[in-house]
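Student: You'll find query-v9.pdb just under this line, and it carries PDB, C-alpha atoms and all ligand atoms.
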ATOM      1  CA  MET A 513      11.681  10.136  12.012  1.00  0.00           C
ATOM      2  CA  ASP A 514      13.107  12.875   9.788  1.00  0.00           C
ATOM      3  CA  THR A 515      10.206  13.869   7.485  1.00  0.00           C
ATOM      4  CA  ASN A 516      12.426  15.326   4.783  1.00  0.00           C
ATOM      5  CA  GLY A 517      15.504  13.409   3.778  1.00  0.00           C
ATOM      6  CA  ASP A 518      16.372  10.142   5.467  1.00  0.00           C
ATOM      7  CA  ILE A 519      13.884   7.299   5.112  1.00  0.00           C
ATOM      8  CA  SER A 520      16.015   4.775   7.010  1.00  0.00           C
ATOM      9  CA  PRO A 521      14.406   3.722  10.282  1.00  0.00           C
ATOM     10  CA  ALA A 522      16.434   3.607  13.487  1.00  0.00           C
ATOM     11  CA  LYS A 523      17.449   0.046  14.362  1.00  0.00           C
ATOM     12  CA  SER A 524      14.869  -0.258  17.145  1.00  0.00           C
ATOM     13  CA  GLU A 525      12.073   1.375  15.144  1.00  0.00           C
ATOM     14  CA  ARG A 526       9.431  -0.592  13.278  1.00  0.00           C
ATOM     15  CA  ILE A 527       9.430   0.112   9.563  1.00  0.00           C
ATOM     16  CA  GLY A 528       6.324   2.006   8.518  1.00  0.00           C
ATOM     17  CA  VAL A 529       4.715   0.882   5.257  1.00  0.00           C
ATOM     18  CA  LEU A 530       1.552   2.629   4.055  1.00  0.00           C
ATOM     19  CA  PHE A 531      -0.489   1.536   1.029  1.00  0.00           C
ATOM     20  CA  VAL A 532      -2.676   4.197  -0.570  1.00  0.00           C
ATOM     21  CA  CYS A 533      -5.480   4.040  -3.137  1.00  0.00           C
ATOM     22  CA  LEU A 534      -8.519   6.226  -3.808  1.00  0.00           C
ATOM     23  CA  GLY A 535     -11.302   4.773  -1.658  1.00  0.00           C
ATOM     24  CA  ASN A 536      -9.312   2.514   0.720  1.00  0.00           C
ATOM     25  CA  ILE A 537     -11.796  -0.311   0.295  1.00  0.00           C
ATOM     26  CA  CYS A 538     -10.463  -2.309  -2.702  1.00  0.00           C
ATOM     27  CA  ARG A 539      -6.738  -2.144  -3.513  1.00  0.00           C
ATOM     28  CA  SER A 540      -4.841  -0.690  -0.547  1.00  0.00           C
ATOM     29  CA  PRO A 541      -6.395  -2.814   2.250  1.00  0.00           C
ATOM     30  CA  LEU A 542      -5.703  -5.851   0.067  1.00  0.00           C
ATOM     31  CA  ALA A 543      -2.089  -4.721  -0.454  1.00  0.00           C
ATOM     32  CA  ALA A 544      -1.595  -4.211   3.303  1.00  0.00           C
ATOM     33  CA  GLY A 545      -2.974  -7.714   4.011  1.00  0.00           C
ATOM     34  CA  VAL A 546      -0.823  -9.305   1.305  1.00  0.00           C
ATOM     35  CA  PHE A 547       2.338  -7.483   2.425  1.00  0.00           C
ATOM     36  CA  LEU A 548       1.817  -8.612   6.038  1.00  0.00           C
ATOM     37  CA  HIS A 549       1.138 -12.147   4.820  1.00  0.00           C
ATOM     38  CA  HIS A 550       4.528 -12.224   3.065  1.00  0.00           C
ATOM     39  CA  ALA A 551       6.210 -10.652   6.102  1.00  0.00           C
ATOM     40  CA  ARG A 552       4.686 -13.334   8.361  1.00  0.00           C
ATOM     41  CA  LEU A 553       5.913 -16.091   6.039  1.00  0.00           C
ATOM     42  CA  ARG A 554       9.431 -14.593   6.320  1.00  0.00           C
ATOM     43  CA  GLY A 555       9.103 -14.295  10.117  1.00  0.00           C
ATOM     44  CA  VAL A 556       9.551 -10.500  10.105  1.00  0.00           C
ATOM     45  CA  ALA A 557       5.995  -9.161  10.527  1.00  0.00           C
ATOM     46  CA  HIS A 558       6.847  -7.804  14.009  1.00  0.00           C
ATOM     47  CA  ARG A 559       9.388  -5.452  12.391  1.00  0.00           C
ATOM     48  CA  PHE A 560       6.703  -3.634  10.406  1.00  0.00           C
ATOM     49  CA  ASP A 561       4.015  -1.041  11.068  1.00  0.00           C
ATOM     50  CA  VAL A 562       1.642  -1.607   8.123  1.00  0.00           C
ATOM     51  CA  ASP A 563      -1.509   0.350   7.295  1.00  0.00           C
ATOM     52  CA  SER A 564      -3.577   1.587   4.335  1.00  0.00           C
ATOM     53  CA  CYS A 565      -5.646   4.651   3.536  1.00  0.00           C
ATOM     54  CA  GLY A 566      -7.401   6.450   0.705  1.00  0.00           C
ATOM     55  CA  THR A 567      -6.786   9.856  -0.845  1.00  0.00           C
ATOM     56  CA  GLY A 568     -10.588  10.268  -0.701  1.00  0.00           C
ATOM     57  CA  GLY A 569     -12.675  10.073   2.448  1.00  0.00           C
ATOM     58  CA  TRP A 570     -16.067   8.908   1.086  1.00  0.00           C
ATOM     59  CA  HIS A 571     -15.738   5.399   2.475  1.00  0.00           C
ATOM     60  CA  ALA A 572     -14.176   6.289   5.827  1.00  0.00           C
ATOM     61  CA  GLY A 573     -15.164   3.704   8.420  1.00  0.00           C
ATOM     62  CA  ALA A 574     -16.230   1.138   5.807  1.00  0.00           C
ATOM     63  CA  ALA A 575     -15.060  -2.477   5.680  1.00  0.00           C
ATOM     64  CA  PRO A 576     -13.051  -3.653   2.661  1.00  0.00           C
ATOM     65  CA  ASP A 577     -15.024  -4.410  -0.514  1.00  0.00           C
ATOM     66  CA  PRO A 578     -16.368  -8.013  -0.396  1.00  0.00           C
ATOM     67  CA  ARG A 579     -14.571  -8.758  -3.680  1.00  0.00           C
ATOM     68  CA  SER A 580     -11.197  -7.894  -2.088  1.00  0.00           C
ATOM     69  CA  VAL A 581     -12.154  -9.891   1.004  1.00  0.00           C
ATOM     70  CA  ALA A 582     -12.965 -12.882  -1.251  1.00  0.00           C
ATOM     71  CA  VAL A 583      -9.676 -12.891  -3.217  1.00  0.00           C
ATOM     72  CA  ALA A 584      -7.748 -12.532   0.046  1.00  0.00           C
ATOM     73  CA  ALA A 585      -9.737 -15.294   1.789  1.00  0.00           C
ATOM     74  CA  LEU A 586      -8.877 -17.703  -1.042  1.00  0.00           C
ATOM     75  CA  ARG A 587      -5.258 -17.365   0.174  1.00  0.00           C
ATOM     76  CA  SER A 588      -6.214 -17.492   3.891  1.00  0.00           C
ATOM     77  CA  ILE A 589      -5.575 -13.755   4.272  1.00  0.00           C
ATOM     78  CA  THR A 590      -8.058 -11.919   6.512  1.00  0.00           C
ATOM     79  CA  LEU A 591      -8.797  -8.231   5.867  1.00  0.00           C
ATOM     80  CA  ASP A 592     -10.112  -6.520   8.999  1.00  0.00           C
ATOM     81  CA  HIS A 593      -9.278  -2.931   8.051  1.00  0.00           C
ATOM     82  CA  ARG A 594     -11.644   0.051   8.345  1.00  0.00           C
ATOM     83  CA  ALA A 595     -11.228   2.698   5.657  1.00  0.00           C
ATOM     84  CA  ARG A 596      -9.666   6.031   6.504  1.00  0.00           C
ATOM     85  CA  GLN A 597      -8.471   9.042   4.547  1.00  0.00           C
ATOM     86  CA  LEU A 598      -4.809  10.004   4.169  1.00  0.00           C
ATOM     87  CA  ASP A 599      -3.706  12.308   6.987  1.00  0.00           C
ATOM     88  CA  ALA A 600      -0.617  13.783   5.333  1.00  0.00           C
ATOM     89  CA  ARG A 601       0.917  15.347   8.416  1.00  0.00           C
ATOM     90  CA  ARG A 602       0.664  12.218  10.542  1.00  0.00           C
ATOM     91  CA  ASP A 603       1.249   9.705   7.761  1.00  0.00           C
ATOM     92  CA  PHE A 604       4.404  11.347   6.426  1.00  0.00           C
ATOM     93  CA  ALA A 605       5.760  11.356   9.967  1.00  0.00           C
ATOM     94  CA  ARG A 606       4.807   7.734  10.708  1.00  0.00           C
ATOM     95  CA  PHE A 607       5.623   5.841   7.494  1.00  0.00           C
ATOM     96  CA  HIS A 608       9.006   5.278   5.839  1.00  0.00           C
ATOM     97  CA  HIS A 609       7.521   3.808   2.672  1.00  0.00           C
ATOM     98  CA  ILE A 610       4.325   5.107   1.055  1.00  0.00           C
ATOM     99  CA  LEU A 611       3.085   3.027  -1.855  1.00  0.00           C
ATOM    100  CA  ALA A 612       0.548   4.448  -4.270  1.00  0.00           C
ATOM    101  CA  MET A 613      -1.621   2.152  -6.377  1.00  0.00           C
ATOM    102  CA  ASP A 614      -1.887   4.444  -9.404  1.00  0.00           C
ATOM    103  CA  ARG A 615      -0.440   7.654 -10.796  1.00  0.00           C
ATOM    104  CA  SER A 616      -3.407   9.718  -9.693  1.00  0.00           C
ATOM    105  CA  ASN A 617      -2.901   8.554  -6.088  1.00  0.00           C
ATOM    106  CA  LEU A 618       0.820   9.288  -6.453  1.00  0.00           C
ATOM    107  CA  ARG A 619       0.138  12.857  -7.584  1.00  0.00           C
ATOM    108  CA  ASP A 620      -2.370  13.463  -4.782  1.00  0.00           C
ATOM    109  CA  ILE A 621      -0.022  12.157  -2.081  1.00  0.00           C
ATOM    110  CA  ALA A 622       2.910  14.169  -3.450  1.00  0.00           C
ATOM    111  CA  ALA A 623       0.761  17.307  -3.569  1.00  0.00           C
ATOM    112  CA  ALA A 624      -0.353  16.767   0.032  1.00  0.00           C
ATOM    113  CA  GLY A 625       3.295  16.354   1.037  1.00  0.00           C
ATOM    114  CA  GLU A 626       4.283  19.496  -0.813  1.00  0.00           C
ATOM    115  CA  THR A 627       1.737  21.645   1.017  1.00  0.00           C
ATOM    116  CA  LEU A 628       3.414  20.460   4.246  1.00  0.00           C
ATOM    117  CA  GLY A 629       6.855  21.128   2.848  1.00  0.00           C
ATOM    118  CA  VAL A 630       7.881  17.480   3.275  1.00  0.00           C
ATOM    119  CA  ALA A 631       9.858  15.619   0.651  1.00  0.00           C
ATOM    120  CA  HIS A 632       8.125  12.816  -1.194  1.00  0.00           C
ATOM    121  CA  ALA A 633      11.133  10.631  -1.984  1.00  0.00           C
ATOM    122  CA  ARG A 634       9.466   7.913   0.042  1.00  0.00           C
ATOM    123  CA  VAL A 635       6.293   7.938  -2.103  1.00  0.00           C
ATOM    124  CA  ARG A 636       6.414   5.427  -4.958  1.00  0.00           C
ATOM    125  CA  LEU A 637       4.149   3.369  -7.154  1.00  0.00           C
ATOM    126  CA  LEU A 638       3.686  -0.103  -5.645  1.00  0.00           C
ATOM    127  CA  ARG A 639       3.880  -1.575  -9.132  1.00  0.00           C
ATOM    128  CA  SER A 640       7.380  -0.150  -9.620  1.00  0.00           C
ATOM    129  CA  PHE A 641       8.505  -3.189  -7.582  1.00  0.00           C
ATOM    130  CA  ASP A 642       6.583  -5.723  -9.695  1.00  0.00           C
ATOM    131  CA  PRO A 643       9.037  -7.898 -11.626  1.00  0.00           C
ATOM    132  CA  ASN A 644       6.163  -8.884 -13.952  1.00  0.00           C
ATOM    133  CA  ALA A 645       4.930  -5.350 -14.648  1.00  0.00           C
ATOM    134  CA  GLY A 646       6.916  -4.468 -17.754  1.00  0.00           C
ATOM    135  CA  CYS A 647       4.909  -1.631 -19.275  1.00  0.00           C
ATOM    136  CA  HIS A 648       1.574  -3.316 -18.514  1.00  0.00           C
ATOM    137  CA  GLU A 649      -1.224  -1.107 -17.128  1.00  0.00           C
ATOM    138  CA  ASN A 650       1.111   1.895 -17.273  1.00  0.00           C
ATOM    139  CA  GLY A 651       2.910   0.631 -14.175  1.00  0.00           C
ATOM    140  CA  GLU A 652      -0.237   0.949 -12.074  1.00  0.00           C
ATOM    141  CA  ILE A 653      -2.536  -1.281 -10.042  1.00  0.00           C
ATOM    142  CA  PRO A 654      -5.724  -0.322 -11.902  1.00  0.00           C
ATOM    143  CA  ASP A 655      -8.903   0.546 -10.050  1.00  0.00           C
ATOM    144  CA  PRO A 656     -11.107  -2.599 -10.047  1.00  0.00           C
ATOM    145  CA  TYR A 657     -14.144  -0.981  -8.366  1.00  0.00           C
ATOM    146  CA  TYR A 658     -16.429  -0.754 -11.387  1.00  0.00           C
ATOM    147  CA  GLY A 659     -15.514  -4.188 -12.790  1.00  0.00           C
ATOM    148  CA  GLY A 660     -16.205  -7.763 -11.791  1.00  0.00           C
ATOM    149  CA  GLN A 661     -14.536 -10.371  -9.613  1.00  0.00           C
ATOM    150  CA  ASP A 662     -12.085 -11.251 -12.413  1.00  0.00           C
ATOM    151  CA  GLY A 663     -10.642  -7.735 -12.166  1.00  0.00           C
ATOM    152  CA  PHE A 664     -10.005  -8.301  -8.475  1.00  0.00           C
ATOM    153  CA  GLU A 665      -8.181 -11.554  -9.274  1.00  0.00           C
ATOM    154  CA  ARG A 666      -5.936  -9.678 -11.729  1.00  0.00           C
ATOM    155  CA  VAL A 667      -5.340  -6.929  -9.188  1.00  0.00           C
ATOM    156  CA  PHE A 668      -4.511  -9.555  -6.550  1.00  0.00           C
ATOM    157  CA  SER A 669      -1.860 -11.060  -8.795  1.00  0.00           C
ATOM    158  CA  MET A 670      -0.226  -7.638  -9.401  1.00  0.00           C
ATOM    159  CA  ILE A 671      -0.365  -6.770  -5.709  1.00  0.00           C
ATOM    160  CA  ASP A 672       1.052 -10.158  -4.714  1.00  0.00           C
ATOM    161  CA  SER A 673       4.138 -10.017  -6.945  1.00  0.00           C
ATOM    162  CA  SER A 674       4.688  -6.323  -6.104  1.00  0.00           C
ATOM    163  CA  CYS A 675       4.422  -6.835  -2.326  1.00  0.00           C
ATOM    164  CA  ALA A 676       6.725  -9.876  -2.367  1.00  0.00           C
ATOM    165  CA  ALA A 677       9.350  -7.836  -4.236  1.00  0.00           C
ATOM    166  CA  LEU A 678       8.832  -4.768  -2.040  1.00  0.00           C
ATOM    167  CA  LEU A 679       9.476  -6.883   1.057  1.00  0.00           C
ATOM    168  CA  GLU A 680      12.669  -8.325  -0.428  1.00  0.00           C
ATOM    169  CA  ASN A 681      13.752  -4.774  -1.276  1.00  0.00           C
ATOM    170  CA  ILE A 682      13.187  -3.548   2.286  1.00  0.00           C
ATOM    171  CA  LEU A 683      14.441  -6.638   4.174  1.00  0.00           C
ATOM    172  CA  PRO A 684      18.181  -5.919   3.916  1.00  0.00           C
ATOM    173  CA  ARG A 685      17.505  -2.742   5.911  1.00  0.00           C
ATOM    174  CA  VAL A 686      15.417  -4.520   8.594  1.00  0.00           C
TER     175      VAL A 686
HETATM  176  P1  LIG B 701     -10.005   1.648  -4.265  1.00  0.00           P
HETATM  177  O1  LIG B 701     -11.276   1.484  -5.232  1.00  0.00           O
HETATM  178  O2  LIG B 701      -9.449   3.026  -4.534  1.00  0.00           O
HETATM  179  O3  LIG B 701      -9.081   0.568  -4.712  1.00  0.00           O
HETATM  180  O4  LIG B 701     -10.512   1.467  -2.858  1.00  0.00           O
HETATM  181  C1  LIG B 701     -12.333   2.379  -5.273  1.00  0.00           C
HETATM  182  C2  LIG B 701     -13.330   2.314  -4.312  1.00  0.00           C
HETATM  183  C3  LIG B 701     -14.407   3.181  -4.388  1.00  0.00           C
HETATM  184  C4  LIG B 701     -14.483   4.103  -5.427  1.00  0.00           C
HETATM  185  C5  LIG B 701     -13.484   4.170  -6.379  1.00  0.00           C
HETATM  186  C6  LIG B 701     -12.404   3.305  -6.301  1.00  0.00           C
HETATM  187  N1  LIG B 701     -15.588   4.978  -5.509  1.00  0.00           N
HETATM  188  O5  LIG B 701     -15.687   5.717  -6.501  1.00  0.00           O
HETATM  189  O6  LIG B 701     -16.442   4.988  -4.605  1.00  0.00           O
END
Can you dump the structure from the file as structure tokens?
Ligand code: 4NP
Tutor:
Amino acid sequence: MDTNGDISPAKSERIGVLFVCLGNICRSPLAAGVFLHHARLRGVAHRFDVDSCGTGGWHAGAAPDPRSVAVAALRSITLDHRARQLDARRDFARFHHILAMDRSNLRDIAAAGETLGVAHARVRLLRSFDPNAGCHENGEIPDPYYGGQDGFERVFSMIDSSCAALLENILPRV
């Protein structure tokens, strides 16, 4: 894949979709699970290469937060990810779409891309696809880590509507 301009995959290539948050234990593994869930329902999961990571590496190797696991399990979505940190060189080469949960993540990913001299046209806020977002939460999926289970339910709802719309946006190119 061309790491600078074109983000269109070749016809035979799976479409790379990477979800990125800070710790890679709450929001982004949930987003990856929800996106794949929607792709399975549409019968197109095999066309995608989906993963998640964090801009920070403190939780590398850890399982998803039990609160994310719980909101996913309520919808029969299993999260079996292990946390890892963004590897800009490899991730910019592998993924066509990089979705940041909040503006801080977006800045960090763009900065990592810049040091490599790769364009960051493919890096966007996941919530920019959310038809329900309006100007709520500043267009972000807010960090639920220090809150309770209700915060994870709210985050699930934002992730769900965003991922459904993201998939519909990408599907014409699949
Ligand atoms: P995430 O949430 O970025 O959605 O995975 C967080 C997880 C851990 C921490 C912060 C946010 N932390 O400070 O350890």
Student: To one decimal place, how far is atom O4 of ligand LIG 701 (chain B) from CA of Leu598 (chain A) in Å?
Tutor: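 Separation of atom O4 of ligand LIG 701 (chain B) and CA of Leu598 (chain A): 12.4 Å.
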Student: Which residue is closest to ligand LIG 701 (chain B)? Choose from A:Met613, A:Val630, A:Ala600, A:Ala557 and count all atoms listed in the file.
Tutor: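 Counting all atoms listed in the file, the residue closest to ligand LIG 701 (chain B) is A:Met613.
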Student: Could you check which of A:Leu591, A:Ala543, A:Ile537, A:Ala622 is closest to ligand LIG 701 (chain B), using all atoms listed in the file?
Tutor: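 Nearest to ligand LIG 701 (chain B): A:Ile537.
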Student: Just to confirm, what's the straight-line distance from CA of Glu680 (chain A) to CA of Phe664 (chain A) in Å (one decimal)?
Tutor: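 Atom-to-atom, CA of Glu680 (chain A) and CA of Phe664 (chain A) are spaced 24.1 Å apart.
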Student: Compute the set of protein, DNA and RNA residues whose minimum atom distance to ligand LIG 701 (chain B) is at most 9 Å, using all atoms listed in the file, and state it as a count of residues only.
Tutor: 28
Student: Please provide as a list of chain:residue names all residues within 8 Å of Arg559 (chain A), with the sequence filter that same-chain residues fewer than 4 positions apart are discarded (counting only C-alpha atoms).
Tutor: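 Within the cut-off, the hits are A:Glu525, A:Arg526, A:Ile527, A:Val686.
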Student: So what does the PyMOL selection byres (((chain A and resi 670) around 10) and not hetatm) actually pick up in this one, as a list in words?
Tutor: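 With the PyMOL selection byres (((chain A and resi 670) around 10) and not hetatm) on this model, the match is Ala543, Leu638, Arg639, Phe641, Asp642, Pro643, Asn644, Ala645, Glu652, Ile653, Pro654, Phe664, Glu665, Arg666, Val667, Phe668, Ser669, Ile671, Asp672, Ser673, Ser674 and Cys675 of chain A.
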Student: Which is closest to Phe560 (chain A) among A:Leu618, A:Leu683, A:Leu628, A:Ala584, if we use all atoms listed in the file?
Tutor: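 For Phe560 (chain A), the nearest of the given residues is A:Leu683.
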Student: Quick one: residues within 7 Å of Ile610 (chain A), only C-alpha atoms counted, chain neighbours fewer than 4 positions away excluded, as JSON, numbers by chain?
Tutor: {"A": [529, 530, 531, 634, 635, 636]}
Student: Closest to Asp614 (chain A) among A:Gly573, A:Gly646, A:Ser640, A:Arg554, using only C-alpha atoms?
Tutor: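 Counting only C-alpha atoms, the residue closest to Asp614 (chain A) is A:Ser640.
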Student: Please compute the CA of Gly625 (chain A)-CA of Ala544 (chain A) distance, one decimal, in Å.
Tutor: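 Atom-to-atom, CA of Gly625 (chain A) and CA of Ala544 (chain A) are spaced 21.3 Å apart.
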Student: Using only C-alpha atoms, which of A:Asp561, A:Phe607, A:Gln597, A:Val546 sits nearest Asp620 (chain A)?
Tutor: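 Looking only at the distances to Asp620 (chain A), the closest residue turns out to be A:Gln597.
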Student: Would you please work out which residue, of A:Ala605, A:Ala551, A:Ala676, A:Gly545, is nearest to Asp592 (chain A) when using all atoms listed in the file?
Tutor: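 Among A:Ala605, A:Ala551, A:Ala676, A:Gly545, it is A:Gly545 that comes nearest to Asp592 (chain A).
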